[in-house]
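Structure file target_34.pdb (PDB, C-alpha atoms) is printed below.
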ATOM      1  CA  MET N   1      -5.146  12.987  22.402
ATOM      2  CA  PRO N   2      -5.164   9.563  24.082
ATOM      3  CA  ASN N   3      -3.204   9.176  27.287
ATOM      4  CA  ASP N   4      -2.663   5.434  27.378
ATOM      5  CA  VAL N   5      -0.105   5.491  30.193
ATOM      6  CA  THR N   6      -2.727   6.593  32.723
ATOM      7  CA  LYS N   7      -4.262   3.119  32.288
ATOM      8  CA  LEU N   8      -1.032   1.521  33.476
ATOM      9  CA  SER N   9       0.606   1.164  36.845
ATOM     10  CA  PRO N  10       2.739   4.298  37.445
ATOM     11  CA  SER N  11       5.775   2.096  38.032
ATOM     12  CA  GLU N  12       5.268  -0.174  35.016
ATOM     13  CA  MET N  13       8.453  -1.092  33.199
ATOM     14  CA  VAL N  14       9.207  -2.743  29.882
ATOM     15  CA  THR N  15      11.812  -5.443  29.423
ATOM     16  CA  ILE N  16      14.207  -4.636  26.593
ATOM     17  CA  THR N  17      15.925  -7.771  25.333
ATOM     18  CA  GLY N  18      19.626  -7.198  24.890
ATOM     19  CA  GLY N  19      21.207  -7.091  21.476
ATOM     20  CA  ARG N  20      23.433  -5.265  19.017
ATOM     21  CA  PHE N  21      22.639  -1.939  17.369
ATOM     22  CA  ARG N  22      24.289   0.946  15.563
ATOM     23  CA  MET N  23      24.742   3.769  18.038
ATOM     24  CA  GLY N  24      25.167   7.363  16.912
ATOM     25  CA  SER N  25      24.952   8.891  13.450
ATOM     26  CA  ASP N  26      27.321  10.107  10.751
ATOM     27  CA  HIS N  27      24.631  12.239   9.118
ATOM     28  CA  ALA N  28      23.541  14.668  11.820
ATOM     29  CA  TYR N  29      25.249  16.844  14.448
ATOM     30  CA  PRO N  30      29.013  16.259  14.871
ATOM     31  CA  GLU N  31      28.707  15.081  18.483
ATOM     32  CA  GLU N  32      26.640  12.097  17.333
ATOM     33  CA  ALA N  33      29.498  10.637  15.296
ATOM     34  CA  PRO N  34      30.876   8.195  14.590
ATOM     35  CA  ALA N  35      28.118   5.640  14.157
ATOM     36  CA  HIS N  36      29.313   2.321  15.584
ATOM     37  CA  TRP N  37      28.087  -1.082  16.678
ATOM     38  CA  VAL N  38      27.313  -1.630  20.364
ATOM     39  CA  ASP N  39      26.058  -4.581  22.410
ATOM     40  CA  VAL N  40      23.776  -4.087  25.407
ATOM     41  CA  ASP N  41      22.485  -6.600  27.928
ATOM     42  CA  THR N  42      18.810  -7.074  28.732
ATOM     43  CA  PHE N  43      17.363  -4.420  31.045
ATOM     44  CA  ARG N  44      14.028  -3.001  32.121
ATOM     45  CA  ILE N  45      13.094   0.623  31.572
ATOM     46  CA  ASP N  46      10.217   2.836  32.707
ATOM     47  CA  ARG N  47       7.469   2.880  30.112
ATOM     48  CA  ALA N  48       7.248   6.667  30.436
ATOM     49  CA  PRO N  49       9.142   9.546  32.051
ATOM     50  CA  VAL N  50       8.765  10.028  35.804
ATOM     51  CA  THR N  51       5.705  12.180  36.377
ATOM     52  CA  ASN N  52       4.935  14.981  38.803
ATOM     53  CA  ALA N  53       2.738  12.598  40.791
ATOM     54  CA  GLN N  54       5.510  10.020  41.100
ATOM     55  CA  PHE N  55       8.087  12.620  42.058
ATOM     56  CA  ARG N  56       5.718  14.079  44.652
ATOM     57  CA  SER N  57       5.492  10.646  46.307
ATOM     58  CA  PHE N  58       9.278  10.600  46.572
ATOM     59  CA  VAL N  59       9.428  14.105  48.053
ATOM     60  CA  GLU N  60       6.692  13.360  50.569
ATOM     61  CA  ALA N  61       8.413  10.154  51.649
ATOM     62  CA  THR N  62      11.922  11.567  51.950
ATOM     63  CA  GLY N  63      11.644  15.339  52.394
ATOM     64  CA  HIS N  64      13.990  15.756  49.436
ATOM     65  CA  LEU N  65      14.725  19.344  48.403
ATOM     66  CA  THR N  66      15.645  19.715  44.770
ATOM     67  CA  THR N  67      18.663  21.740  43.736
ATOM     68  CA  ALA N  68      16.356  24.463  42.399
ATOM     69  CA  GLU N  69      14.855  24.893  45.882
ATOM     70  CA  ILE N  70      18.214  25.528  47.564
ATOM     71  CA  ALA N  71      20.035  28.851  47.329
ATOM     72  CA  PRO N  72      23.451  28.536  45.664
ATOM     73  CA  THR N  73      26.478  29.854  47.573
ATOM     74  CA  LEU N  74      29.539  31.902  46.709
ATOM     75  CA  GLU N  75      31.690  28.926  47.663
ATOM     76  CA  GLU N  76      30.025  26.922  44.902
ATOM     77  CA  TYR N  77      29.894  29.785  42.394
ATOM     78  CA  PRO N  78      32.661  32.263  43.206
ATOM     79  CA  ASP N  79      31.959  34.360  40.107
ATOM     80  CA  ALA N  80      28.241  34.751  40.782
ATOM     81  CA  LEU N  81      26.676  38.150  41.344
ATOM     82  CA  PRO N  82      25.352  38.307  44.937
ATOM     83  CA  HIS N  83      21.775  39.050  43.870
ATOM     84  CA  MET N  84      21.741  35.832  41.811
ATOM     85  CA  LEU N  85      22.336  33.599  44.837
ATOM     86  CA  GLN N  86      18.674  32.718  45.232
ATOM     87  CA  PRO N  87      16.785  29.480  44.645
ATOM     88  CA  GLY N  88      15.621  29.159  41.062
ATOM     89  CA  SER N  89      15.926  27.374  37.759
ATOM     90  CA  LEU N  90      16.079  28.011  34.014
ATOM     91  CA  VAL N  91      12.778  28.821  32.318
ATOM     92  CA  PHE N  92      12.158  29.187  28.594
ATOM     93  CA  ARG N  93      10.703  32.523  27.461
ATOM     94  CA  LYS N  94       9.504  33.004  23.916
ATOM     95  CA  SER N  95      10.871  36.048  22.124
ATOM     96  CA  SER N  96       8.524  38.870  21.174
ATOM     97  CA  ARG N  97       9.753  38.851  17.584
ATOM     98  CA  PRO N  98      11.856  36.665  15.288
ATOM     99  CA  ILE N  99      15.503  36.671  16.407
ATOM    100  CA  PRO N 100      18.723  34.853  15.417
ATOM    101  CA  THR N 101      19.113  31.472  17.076
ATOM    102  CA  ASP N 102      22.836  31.694  17.829
ATOM    103  CA  ASP N 103      22.520  32.889  21.434
ATOM    104  CA  TRP N 104      20.524  30.662  23.802
ATOM    105  CA  SER N 105      20.596  33.312  26.540
ATOM    106  CA  LYS N 106      18.018  35.262  24.532
ATOM    107  CA  TRP N 107      15.294  32.757  25.447
ATOM    108  CA  TRP N 108      16.451  31.246  28.732
ATOM    109  CA  GLU N 109      15.965  33.052  32.040
ATOM    110  CA  TYR N 110      17.255  32.067  35.468
ATOM    111  CA  CYS N 111      13.932  32.517  37.230
ATOM    112  CA  PHE N 112      13.882  32.940  41.018
ATOM    113  CA  GLY N 113      11.295  30.625  42.540
ATOM    114  CA  ALA N 114      11.056  28.279  39.576
ATOM    115  CA  ASP N 115      11.216  24.613  40.593
ATOM    116  CA  TRP N 116       9.411  21.339  39.971
ATOM    117  CA  ARG N 117       6.281  22.599  41.751
ATOM    118  CA  HIS N 118       6.433  25.965  39.962
ATOM    119  CA  PRO N 119       7.685  25.151  36.453
ATOM    120  CA  TYR N 120       7.312  28.650  34.987
ATOM    121  CA  GLY N 121       7.994  30.779  38.041
ATOM    122  CA  PRO N 122       6.636  31.261  41.575
ATOM    123  CA  GLN N 123       3.135  32.130  40.367
ATOM    124  CA  SER N 124       2.809  28.923  38.333
ATOM    125  CA  SER N 125       1.876  25.483  39.644
ATOM    126  CA  ILE N 126       1.490  21.850  38.631
ATOM    127  CA  ILE N 127      -2.157  21.628  39.663
ATOM    128  CA  GLY N 128      -3.771  19.418  37.052
ATOM    129  CA  LEU N 129      -0.381  18.280  35.746
ATOM    130  CA  ASP N 130       0.090  15.091  37.761
ATOM    131  CA  ASP N 131       0.547  13.037  34.572
ATOM    132  CA  HIS N 132       3.070  15.438  33.010
ATOM    133  CA  PRO N 133       6.773  14.633  33.304
ATOM    134  CA  VAL N 134       8.517  16.242  36.263
ATOM    135  CA  VAL N 135      10.949  18.990  35.242
ATOM    136  CA  HIS N 136      13.451  21.299  36.963
ATOM    137  CA  VAL N 137      15.400  18.320  38.268
ATOM    138  CA  THR N 138      19.194  18.190  38.244
ATOM    139  CA  TYR N 139      21.188  15.016  37.802
ATOM    140  CA  ALA N 140      21.446  14.650  41.592
ATOM    141  CA  ASP N 141      17.663  14.965  41.961
ATOM    142  CA  ALA N 142      17.047  12.307  39.325
ATOM    143  CA  GLU N 143      19.646  10.022  40.854
ATOM    144  CA  ALA N 144      18.140  10.437  44.333
ATOM    145  CA  TYR N 145      14.696   9.452  43.061
ATOM    146  CA  ALA N 146      16.094   6.440  41.249
ATOM    147  CA  LYS N 147      17.946   5.244  44.354
ATOM    148  CA  TRP N 148      14.837   5.706  46.498
ATOM    149  CA  ILE N 149      12.713   3.566  44.207
ATOM    150  CA  GLY N 150      15.381   0.893  43.759
ATOM    151  CA  LYS N 151      16.344   1.740  40.212
ATOM    152  CA  GLU N 152      19.084   3.563  38.314
ATOM    153  CA  LEU N 153      19.363   6.052  35.498
ATOM    154  CA  PRO N 154      20.007   4.583  32.033
ATOM    155  CA  THR N 155      23.295   4.779  30.226
ATOM    156  CA  GLU N 156      23.371   6.661  26.947
ATOM    157  CA  ALA N 157      23.587   3.364  25.054
ATOM    158  CA  GLU N 158      20.606   1.880  26.908
ATOM    159  CA  HIS N 159      18.513   4.973  26.277
ATOM    160  CA  GLU N 160      19.319   5.076  22.572
ATOM    161  CA  TYR N 161      18.749   1.336  22.141
ATOM    162  CA  ALA N 162      15.364   1.597  23.857
ATOM    163  CA  ALA N 163      14.411   4.758  21.945
ATOM    164  CA  ARG N 164      15.018   3.076  18.593
ATOM    165  CA  GLY N 165      12.276   0.571  19.352
ATOM    166  CA  GLY N 166      13.902  -2.113  17.241
ATOM    167  CA  LEU N 167      14.362   0.105  14.156
ATOM    168  CA  ASP N 168      18.120  -0.116  13.922
ATOM    169  CA  GLY N 169      19.650   2.792  12.017
ATOM    170  CA  ALA N 170      16.352   4.622  11.410
ATOM    171  CA  THR N 171      16.453   8.420  11.583
ATOM    172  CA  TYR N 172      13.479   8.657  13.922
ATOM    173  CA  ALA N 173      12.119   6.336  16.579
ATOM    174  CA  TRP N 174       9.260   5.452  14.215
ATOM    175  CA  GLY N 175      11.024   5.336  10.825
ATOM    176  CA  GLU N 176      12.404   7.700   8.185
ATOM    177  CA  VAL N 177       9.526  10.184   7.892
ATOM    178  CA  PHE N 178       9.184  12.818  10.609
ATOM    179  CA  ARG N 179       5.399  13.087  10.261
ATOM    180  CA  PRO N 180       4.081   9.919   8.616
ATOM    181  CA  GLU N 181       0.743  10.673   6.946
ATOM    182  CA  SER N 182       0.945  14.151   8.564
ATOM    183  CA  ARG N 183       0.670  12.616  12.036
ATOM    184  CA  HIS N 184       2.620  14.127  14.910
ATOM    185  CA  MET N 185       4.608  11.373  16.588
ATOM    186  CA  ALA N 186       6.165  13.366  19.444
ATOM    187  CA  ASN N 187       5.810  16.617  21.372
ATOM    188  CA  THR N 188       8.092  19.059  19.551
ATOM    189  CA  TRP N 189       8.036  22.680  18.374
ATOM    190  CA  GLN N 190       6.139  23.738  15.252
ATOM    191  CA  GLY N 191       6.691  27.193  13.806
ATOM    192  CA  ARG N 192       9.564  29.633  14.037
ATOM    193  CA  PHE N 193      11.787  29.158  17.077
ATOM    194  CA  PRO N 194      11.905  30.863  19.583
ATOM    195  CA  TYR N 195       9.211  33.282  18.505
ATOM    196  CA  ARG N 196       6.106  31.368  17.486
ATOM    197  CA  ASN N 197       4.915  27.863  18.273
ATOM    198  CA  THR N 198       1.842  27.014  16.209
ATOM    199  CA  ARG N 199       1.037  24.077  18.532
ATOM    200  CA  GLU N 200      -0.076  21.872  15.677
ATOM    201  CA  ASP N 201       0.707  18.867  17.872
ATOM    202  CA  GLY N 202      -1.633  20.217  20.557
ATOM    203  CA  TRP N 203       0.922  21.345  23.133
ATOM    204  CA  GLU N 204       2.871  24.487  23.937
ATOM    205  CA  THR N 205       4.979  22.984  26.724
ATOM    206  CA  THR N 206       4.998  19.511  28.305
ATOM    207  CA  SER N 207       2.260  17.037  27.484
ATOM    208  CA  PRO N 208       0.813  14.219  29.603
ATOM    209  CA  VAL N 209       2.933  11.102  29.242
ATOM    210  CA  GLY N 210       1.340   8.844  26.658
ATOM    211  CA  SER N 211      -0.127  11.634  24.531
ATOM    212  CA  PHE N 212       1.758  10.373  21.471
ATOM    213  CA  PRO N 213       2.160   6.874  20.010
ATOM    214  CA  PRO N 214       4.561   4.445  21.706
ATOM    215  CA  ASN N 215       7.604   3.174  19.871
ATOM    216  CA  GLY N 216       8.164  -0.412  18.812
ATOM    217  CA  TYR N 217       9.010  -1.453  22.363
ATOM    218  CA  GLY N 218       5.857   0.116  23.795
ATOM    219  CA  LEU N 219       7.740   3.052  25.334
ATOM    220  CA  TYR N 220       6.293   6.548  25.485
ATOM    221  CA  ASP N 221       8.048   9.898  25.048
ATOM    222  CA  MET N 222      11.484   8.476  24.327
ATOM    223  CA  ILE N 223      11.526  11.289  21.773
ATOM    224  CA  GLY N 224      10.229  14.790  22.507
ATOM    225  CA  ASN N 225       8.326  16.129  25.523
ATOM    226  CA  VAL N 226      11.378  16.375  27.848
ATOM    227  CA  TRP N 227      15.068  15.649  27.561
ATOM    228  CA  GLU N 228      16.141  12.803  29.869
ATOM    229  CA  TRP N 229      19.220  12.423  32.060
ATOM    230  CA  THR N 230      21.592   9.494  31.510
ATOM    231  CA  GLN N 231      24.462   8.198  33.649
ATOM    232  CA  ASP N 232      27.136   8.951  31.068
ATOM    233  CA  TRP N 233      29.540  11.839  31.300
ATOM    234  CA  TYR N 234      29.503  13.923  28.151
ATOM    235  CA  ALA N 235      32.263  14.116  25.566
ATOM    236  CA  PRO N 236      31.827  15.841  22.162
ATOM    237  CA  GLY N 237      31.618  12.630  20.151
ATOM    238  CA  HIS N 238      31.687   8.911  20.777
ATOM    239  CA  ASN N 239      34.787   7.175  22.115
ATOM    240  CA  GLN N 240      37.097   6.789  19.120
ATOM    241  CA  ASP N 241      39.216   4.096  20.791
ATOM    242  CA  ALA N 242      36.175   1.959  21.486
ATOM    243  CA  VAL N 243      34.848   2.520  17.983
ATOM    244  CA  LYS N 244      38.149   1.398  16.423
ATOM    245  CA  ALA N 245      38.556  -1.617  18.695
ATOM    246  CA  CYS N 246      38.447  -5.071  17.144
ATOM    247  CA  CYS N 247      35.583  -6.074  19.426
ATOM    248  CA  VAL N 248      32.142  -4.519  19.608
ATOM    249  CA  PRO N 249      31.825  -2.575  22.897
ATOM    250  CA  LYS N 250      29.451  -4.185  25.393
ATOM    251  CA  ASN N 251      27.374  -2.060  27.748
ATOM    252  CA  PRO N 252      29.550   0.993  27.025
ATOM    253  CA  ARG N 253      29.730   3.895  29.418
ATOM    254  CA  GLY N 254      30.879   7.417  28.698
ATOM    255  CA  PRO N 255      34.292   8.797  29.658
ATOM    256  CA  LEU N 256      35.468   8.614  33.267
ATOM    257  CA  GLN N 257      35.000  12.378  33.524
ATOM    258  CA  GLY N 258      32.816  14.723  31.567
ATOM    259  CA  THR N 259      33.839  17.791  29.651
ATOM    260  CA  ILE N 260      33.488  21.088  31.492
ATOM    261  CA  ASP N 261      30.621  23.465  30.768
ATOM    262  CA  PRO N 262      31.283  26.848  29.087
ATOM    263  CA  CYS N 263      31.519  28.537  32.501
ATOM    264  CA  GLY N 264      34.610  26.467  33.148
ATOM    265  CA  TYR N 265      33.920  24.337  36.211
ATOM    266  CA  ILE N 266      30.775  22.190  36.068
ATOM    267  CA  PRO N 267      31.076  18.718  34.454
ATOM    268  CA  GLN N 268      28.317  17.606  32.110
ATOM    269  CA  LYS N 269      26.188  14.512  31.627
ATOM    270  CA  VAL N 270      24.501  13.310  28.440
ATOM    271  CA  LEU N 271      20.849  14.129  27.846
ATOM    272  CA  LYS N 272      18.862  12.084  25.344
ATOM    273  CA  GLY N 273      15.539  12.301  23.507
ATOM    274  CA  GLY N 274      14.936  15.958  22.713
ATOM    275  CA  SER N 275      12.057  18.022  24.081
ATOM    276  CA  PHE N 276       9.059  20.188  23.283
ATOM    277  CA  LEU N 277      11.540  22.927  22.344
ATOM    278  CA  CYS N 278      13.204  20.979  19.513
ATOM    279  CA  ALA N 279      12.316  22.703  16.240
ATOM    280  CA  PRO N 280      13.076  22.021  12.566
ATOM    281  CA  ASP N 281      14.759  25.429  12.247
ATOM    282  CA  TYR N 282      16.789  25.221  15.453
ATOM    283  CA  CYS N 283      17.350  21.969  17.403
ATOM    284  CA  GLN N 284      16.581  18.925  15.299
ATOM    285  CA  ARG N 285      17.366  16.575  18.151
ATOM    286  CA  TYR N 286      14.085  14.668  18.164
ATOM    287  CA  ARG N 287      16.017  11.543  17.095
ATOM    288  CA  PRO N 288      17.386   8.530  19.008
ATOM    289  CA  SER N 289      21.017   9.286  18.045
ATOM    290  CA  ALA N 290      20.811  12.909  19.201
ATOM    291  CA  ARG N 291      22.636  13.856  22.382
ATOM    292  CA  HIS N 292      23.123  17.015  24.385
ATOM    293  CA  ALA N 293      25.478  18.131  27.163
ATOM    294  CA  GLU N 294      23.966  19.357  30.425
ATOM    295  CA  PRO N 295      25.897  20.603  33.489
ATOM    296  CA  ILE N 296      25.025  18.388  36.440
ATOM    297  CA  ASP N 297      23.974  21.364  38.569
ATOM    298  CA  THR N 298      21.491  22.685  35.999
ATOM    299  CA  SER N 299      17.732  22.244  35.972
ATOM    300  CA  THR N 300      15.322  23.542  33.355
ATOM    301  CA  CYS N 301      11.668  23.437  32.342
ATOM    302  CA  HIS N 302      12.369  20.876  29.597
ATOM    303  CA  VAL N 303      14.538  18.235  31.298
ATOM    304  CA  GLY N 304      13.239  15.179  33.144
ATOM    305  CA  PHE N 305      14.206  11.510  33.405
ATOM    306  CA  ARG N 306      13.175   7.869  33.543
ATOM    307  CA  CYS N 307      14.772   4.887  35.256
ATOM    308  CA  VAL N 308      16.067   1.403  34.507
ATOM    309  CA  VAL N 309      16.659  -1.866  36.329
ATOM    310  CA  ARG N 310      19.504  -4.044  35.136
ATOM    311  CA  LYS N 311      19.337  -7.798  35.479
TER     312      LYS N 311
END

Take the structure I supplied and represent it as structure tokens, if you would.
Amino acid sequence: MPNDVTKLSPSEMVTITGGRFRMGSDHAYPEEAPAHWVDVDTFRIDRAPVTNAQFRSFVEATGHLTTAEIAPTLEEYPDALPHMLQPGSLVFRKSSRPIPTDDWSKWWEYCFGADWRHPYGPQSSIIGLDDHPVVHVTYADAEAYAKWIGKELPTEAEHEYAARGGLDGATYAWGEVFRPESRHMANTWQGRFPYRNTREDGWETTSPVGSFPPNGYGLYDMIGNVWEWTQDWYAPGHNQDAVKACCVPKNPRGPLQGTIDPCGYIPQKVLKGGSFLCAPDYCQRYRPSARHAEPIDTSTCHVGFRCVVRK
């Protein structure tokens, strides 16, 4: 598959002219509702997710240690079992047989030694994966990179506006048909999740940025490949007060504080875009309106980020 982004400067950005669009959806998962009009100002956004090569430059320049490379403590996690207080991150493991999809713990493993350099455990590496999106980064890691390079993380509204590529209200970033003319438009899961991925799109896990067609704004991987961090705290649905207001919200941000994760103490940010693990029979979140809650201390093998610059 073509990898057009490798022909571009690694730091190339696209200017997204501000405007009005319908954010959210009334026809998908409940947390995407209600659909409502939003105004955003002009901003610039990375043409593709931050890659392993770009993140390596940041680490080499700053000595940054990602959250996954630092052992958690009992002070931070008072309910943790002592043997779990080791550096690591969440890694996806396919099941050995078809299983119900109502318990995510059946396919996620907290893997000691997994981090951005070792995406599937200590014996794995990113050799040959310089142009793949960096993964196993928490919100703090993404924010640190953005600050270092003089950028910021996008808001949820900015990300969704950019992902739509000018197709206001369309189900997908490219229109109403998931696979137009049988063409794969994003890196997602084909087959029965979490047991069998047929890899009809060519990839089992992450793909090089630019492996799939850009959207109408010339942006790559706004849908699929990896979920992407946004600045907004998560709430299970869009702000009803703002939606009902007489004026269209401008440059909206999420709530002042996020909801707490199921463990009861870690606030969550909004992820956007879906990933290579989104499947038709499980997580149909390969759509611009889709959103997902992620605890800010959590890193996984399918979450990355890109940055913006606001004028």

Would you write out, as a list in words, every residue that the PyMOL selection byres ((chain N and resi 149) around 12) captures in this file?
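When the PyMOL selection byres ((chain N and resi 149) around 12) is applied, the selected residues are Ser11, Asp46, Val50, Gln54, Phe55, Ser57, Phe58, Val59, Ala61, Thr62, Ala142, Glu143, Ala144, Tyr145, Ala146, Lys147, Trp148, Gly150, Lys151, Glu152, Leu153, Arg306, Cys307, Val308 and Val309 of chain N.
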
Residues just named, written with C-alpha atoms as an mmCIF file, keeping the file's coordinate frame:
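The resulting file, part-v7.cif, is shown below:
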data_model
loop_
_atom_site.group_PDB
_atom_site.id
_atom_site.type_symbol
_atom_site.label_atom_id
_atom_site.label_comp_id
_atom_site.auth_asym_id
_atom_site.auth_seq_id
_atom_site.Cartn_x
_atom_site.Cartn_y
_atom_site.Cartn_z
ATOM 1 C CA SER N 11 5.775 2.096 38.032
ATOM 2 C CA ASP N 46 10.217 2.836 32.707
ATOM 3 C CA VAL N 50 8.765 10.028 35.804
ATOM 4 C CA GLN N 54 5.510 10.020 41.100
ATOM 5 C CA PHE N 55 8.087 12.620 42.058
ATOM 6 C CA SER N 57 5.492 10.646 46.307
ATOM 7 C CA PHE N 58 9.278 10.600 46.572
ATOM 8 C CA VAL N 59 9.428 14.105 48.053
ATOM 9 C CA ALA N 61 8.413 10.154 51.649
ATOM 10 C CA THR N 62 11.922 11.567 51.950
ATOM 11 C CA ALA N 142 17.047 12.307 39.325
ATOM 12 C CA GLU N 143 19.646 10.022 40.854
ATOM 13 C CA ALA N 144 18.140 10.437 44.333
ATOM 14 C CA TYR N 145 14.696 9.452 43.061
ATOM 15 C CA ALA N 146 16.094 6.440 41.249
ATOM 16 C CA LYS N 147 17.946 5.244 44.354
ATOM 17 C CA TRP N 148 14.837 5.706 46.498
ATOM 18 C CA GLY N 150 15.381 0.893 43.759
ATOM 19 C CA LYS N 151 16.344 1.740 40.212
ATOM 20 C CA GLU N 152 19.084 3.563 38.314
ATOM 21 C CA LEU N 153 19.363 6.052 35.498
ATOM 22 C CA ARG N 306 13.175 7.869 33.543
ATOM 23 C CA CYS N 307 14.772 4.887 35.256
ATOM 24 C CA VAL N 308 16.067 1.403 34.507
ATOM 25 C CA VAL N 309 16.659 -1.866 36.329
#

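Proximity of N:Cys247, N:Leu74, N:Val134, N:Ile223 to Glu160 (chain N), computed with all atoms listed in the file, is greatest for N:Ile223.
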
Mind giving me the straight-line distance from CA of Ala140 (chain N) to CA of Asn187 (chain N) in Å, one decimal?
25.6 Å

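Of the residues listed (N:Glu60, N:Glu75, N:Asp232, N:Asp297), N:Asp232 shows the shortest atom-to-atom separation from Glu158 (chain N); distances use all atoms listed in the file.
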
I want to know what sits within 7 Å of region 299-304 of chain N, based on all atoms listed in the file, with residues of the same chain fewer than 5 positions away left out; could you give that as an MDAnalysis selection string?
chainID N and resid 68 89:92 119 133:138 226:229 275

Find the residue from N:Leu167, N:Ala157, N:Ala35, N:Ile127 that sits nearest to Arg253 (chain N); use all atoms listed in the file when measuring.
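Comparing N:Leu167, N:Ala157, N:Ala35, N:Ile127 against Arg253 (chain N), the winner is N:Ala157.
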
Top pick for closest residue to Gln257 (chain N), considering N:Leu271, N:Pro214, N:Glu204, N:Ala235 and counting all atoms listed in the file
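Looking only at the distances to Gln257 (chain N), the closest residue turns out to be N:Ala235.
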
Report as a short mmCIF file (atom, residue, chain, number, x, y, z; two decimals) with C-alpha atoms, in the frame of the given file the residues that result from applying the PyMOL selection byres ((chain N and resi 70) around 12) to the structure here.
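What ended up in selection-v6.cif:
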data_model
loop_
_atom_site.label_atom_id
_atom_site.label_comp_id
_atom_site.auth_asym_id
_atom_site.auth_seq_id
_atom_site.Cartn_x
_atom_site.Cartn_y
_atom_site.Cartn_z
CA HIS N 64 13.99 15.76 49.44
CA LEU N 65 14.72 19.34 48.40
CA THR N 66 15.64 19.72 44.77
CA THR N 67 18.66 21.74 43.74
CA ALA N 68 16.36 24.46 42.40
CA GLU N 69 14.86 24.89 45.88
CA ALA N 71 20.04 28.85 47.33
CA PRO N 72 23.45 28.54 45.66
CA THR N 73 26.48 29.85 47.57
CA LEU N 85 22.34 33.60 44.84
CA GLN N 86 18.67 32.72 45.23
CA PRO N 87 16.78 29.48 44.64
CA GLY N 88 15.62 29.16 41.06
CA SER N 89 15.93 27.37 37.76
CA PHE N 112 13.88 32.94 41.02
CA GLY N 113 11.30 30.62 42.54
CA ALA N 114 11.06 28.28 39.58
CA ASP N 115 11.22 24.61 40.59
CA THR N 138 19.19 18.19 38.24
CA ASP N 141 17.66 14.96 41.96
CA ASP N 297 23.97 21.36 38.57
#

7 Å contact set for Val248 (chain N), all atoms listed in the file, chain neighbours under 3 positions out, as a ChimeraX atom specification
/N:37-39

Kindly export the residues of the current selection with C-alpha atoms, as an mmCIF file, keeping the file's coordinate frame.
data_model
loop_
_atom_site.group_PDB
_atom_site.id
_atom_site.type_symbol
_atom_site.label_atom_id
_atom_site.label_comp_id
_atom_site.auth_asym_id
_atom_site.auth_seq_id
_atom_site.Cartn_x
_atom_site.Cartn_y
_atom_site.Cartn_z
ATOM 1 C CA TRP N 37 28.087 -1.082 16.678
ATOM 2 C CA VAL N 38 27.313 -1.630 20.364
ATOM 3 C CA ASP N 39 26.058 -4.581 22.410
#

Distance in Å - CA of Pro213 (chain N) versus CA of Tyr120 (chain N):
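Answer for the CA of Pro213 (chain N) to CA of Tyr120 (chain N) separation: 26.9 Å.
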
Nearest to Lys94 (chain N) among N:Thr15, N:Thr230, N:Thr171, N:Thr205, with distances taken over only C-alpha atoms: which residue is it?
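Smallest separation from Lys94 (chain N) among the options: N:Thr205.
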
So what do you get for CA of Asp221 (chain N) versus CA of Leu256 (chain N), distance-wise?
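CA of Leu256 (chain N) lies 28.7 Å from CA of Asp221 (chain N).
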
Residues returned when the PyMOL selection byres ((chain N and resi 159) around 9) runs on this file, as a PyMOL selection string:
chain N and resi 45+154-158+160-164+222+228+230+272-273+288

Any chance you could export the current selection's C-alpha atoms as a tab-separated table (two decimals), in the frame of the given file?
chain	number	residue	atom	x	y	z
N	45	ILE	CA	13.09	0.62	31.57
N	154	PRO	CA	20.01	4.58	32.03
N	155	THR	CA	23.30	4.78	30.23
N	156	GLU	CA	23.37	6.66	26.95
N	157	ALA	CA	23.59	3.36	25.05
N	158	GLU	CA	20.61	1.88	26.91
N	160	GLU	CA	19.32	5.08	22.57
N	161	TYR	CA	18.75	1.34	22.14
N	162	ALA	CA	15.36	1.60	23.86
N	163	ALA	CA	14.41	4.76	21.94
N	164	ARG	CA	15.02	3.08	18.59
N	222	MET	CA	11.48	8.48	24.33
N	228	GLU	CA	16.14	12.80	29.87
N	230	THR	CA	21.59	9.49	31.51
N	272	LYS	CA	18.86	12.08	25.34
N	273	GLY	CA	15.54	12.30	23.51
N	288	PRO	CA	17.39	8.53	19.01

Measuring between all atoms listed in the file, which one of N:Lys311, N:Glu31, N:Lys250, N:Tyr110 shows the shortest distance to Thr298 (chain N)?
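That would be N:Tyr110, the residue with the smallest distance to Thr298 (chain N).
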
So that I can check the surroundings of Ala290 (chain N), please list as a list in words every protein, DNA and RNA residue that reaches within 8 Å of it, counting all atoms listed in the file and ignoring chain neighbours fewer than 4 positions away.
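Residues meeting the cut-off are Gly24, Tyr29, Glu32, Lys272, Gly273, Gly274, Arg285 and Tyr286 of chain N.
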
Around all listed atoms of region 167-174 of chain N, padded 3 Å per side, what centre and edge lengths does the axis-aligned box have in Å to one decimal, as lines of an AutoDock Vina configuration file?
center_x = 14.5
center_y = 4.3
center_z = 14.0
size_x = 16.4
size_y = 14.8
size_z = 11.2
